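K.L.:
Sharing a structure below in structure tokens format, with a few things to ask.
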Amino acid sequence: MRRARFAIALCALVGALAQTVAPKKPPPRPAPAATSGSEDKRIETAIRTRLAGSGIAADKFQVHVQGGVATLDGHTDVLQHKGTATRLAKSAGARQVANHIEVSDAAKEKASGNLSEGRRRAQLKRGDARSESR
């Protein structure tokens with residue numbers, strides 16, 4: 001009789017713990033507020049201004065903003081310019097960025113060669129070989 005009560009109490013305790021420890025689903029995220037046409041124009045102008053003032057202005061990327069989502073189009077011969085354009089658009093106020101910038105095959109090959117030689121971009125600029133690992 002004593003064992004039966006202990007077993008029942010143990011089962012109840014384990015059941016109660018399982019309910020308190022079980023992960024709960026987070027509440028659903030509210031949908032992001034849609035931006036107005038004037039807000040989209042402001043964001044687009046800010047992105048264009050940042051691109052023009054940066055070192056990637058020569059690539060002349062096309063920018064379009066709708067509903068707070070910036071779409072970037074164009075071509076570049078420098079791999080890092082694609083990421084830089086995304087960061088500039090985000091910092092200018094875009095909620096999301098659809099980056100459709102195409103990187104040239106020559107830039108991809110150059111980056112691949114640099115990686116295989118163990119060089120980093122900053123080291124290439126200084127002309128230093130990669131330091132040996134310690």
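If you're wondering about the labels, chains in the structure tokens are A, B, ... by order shown, residues count from 1 in each chain, ligands from 1 in order shown.
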For Thr86 of chain A, work out the shell of residues within 7 Å, counting only C-alpha atoms and skipping chain neighbours fewer than 4 positions away, then give it as a PDB file with C-alpha atoms, in the first residue's frame.

P.N.:
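Heads up, here's the output in selection.pdb:
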```pdb
ATOM      1  CA  LYS A  82      27.288  43.359 -52.874  1.00  0.00           C
ATOM      2  CA  LYS A  90      19.541  48.523 -44.120  1.00  0.00           C
ATOM      3  CA  VAL A  97      16.725  44.079 -48.642  1.00  0.00           C
ATOM      4  CA  ASN A  99      19.851  42.038 -53.175  1.00  0.00           C
TER       5      ASN A  99
END
```

K.L.:
Do you have the atom CA of Leu115 of chain A-atom CA of Glu102 of chain A distance handy?

P.N.:
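Computed distance, atom CA of Leu115 of chain A to atom CA of Glu102 of chain A, equals 20.0 Å.
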
K.L.:
Could you state the separation of atom CA of Lys110 of chain A and atom CA of Lys60 of chain A in Å, given to one decimal place?

P.N.:
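Between atom CA of Lys110 of chain A and atom CA of Lys60 of chain A the gap works out to 21.6 Å.
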
K.L.:
Atom CA of Ser104 of chain A and atom CA of Glu117 of chain A, how far apart in Å?

P.N.:
20.3 Å

K.L.:
From the set A:Gly68, A:Gly53, A:Gly37, A:Pro28, which residue has the shortest atom-to-atom contact distance to Arg95 of chain A, counting only C-alpha atoms?

P.N.:
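With only C-alpha atoms as the atom set, the closest residue is A:Gly68.
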
K.L.:
For each of A:Ala57, A:Val69, A:Ile8, A:Ala111, take the minimum atom-to-atom distance to Ala89 of chain A, counting only C-alpha atoms, then give the residue where this is smallest.

P.N.:
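When distances to Ala89 of chain A are compared using only C-alpha atoms, the smallest one comes from A:Val69.
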
K.L.:
Give the answer as one residue: which of A:Gln66, A:Thr49, A:Ser116, A:Gln80 has the shortest atom-to-atom distance to Thr35 of chain A, using only C-alpha atoms?

P.N.:
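Once distances to Thr35 of chain A are computed over only C-alpha atoms, the minimum belongs to A:Gln66.
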
K.L.:
Measuring between only C-alpha atoms, which one of A:Gln96, A:Thr45, A:Thr84, A:Thr71 shows the shortest distance to Asp59 of chain A?

P.N.:
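Of all the options, A:Thr84 lies closest to Asp59 of chain A.
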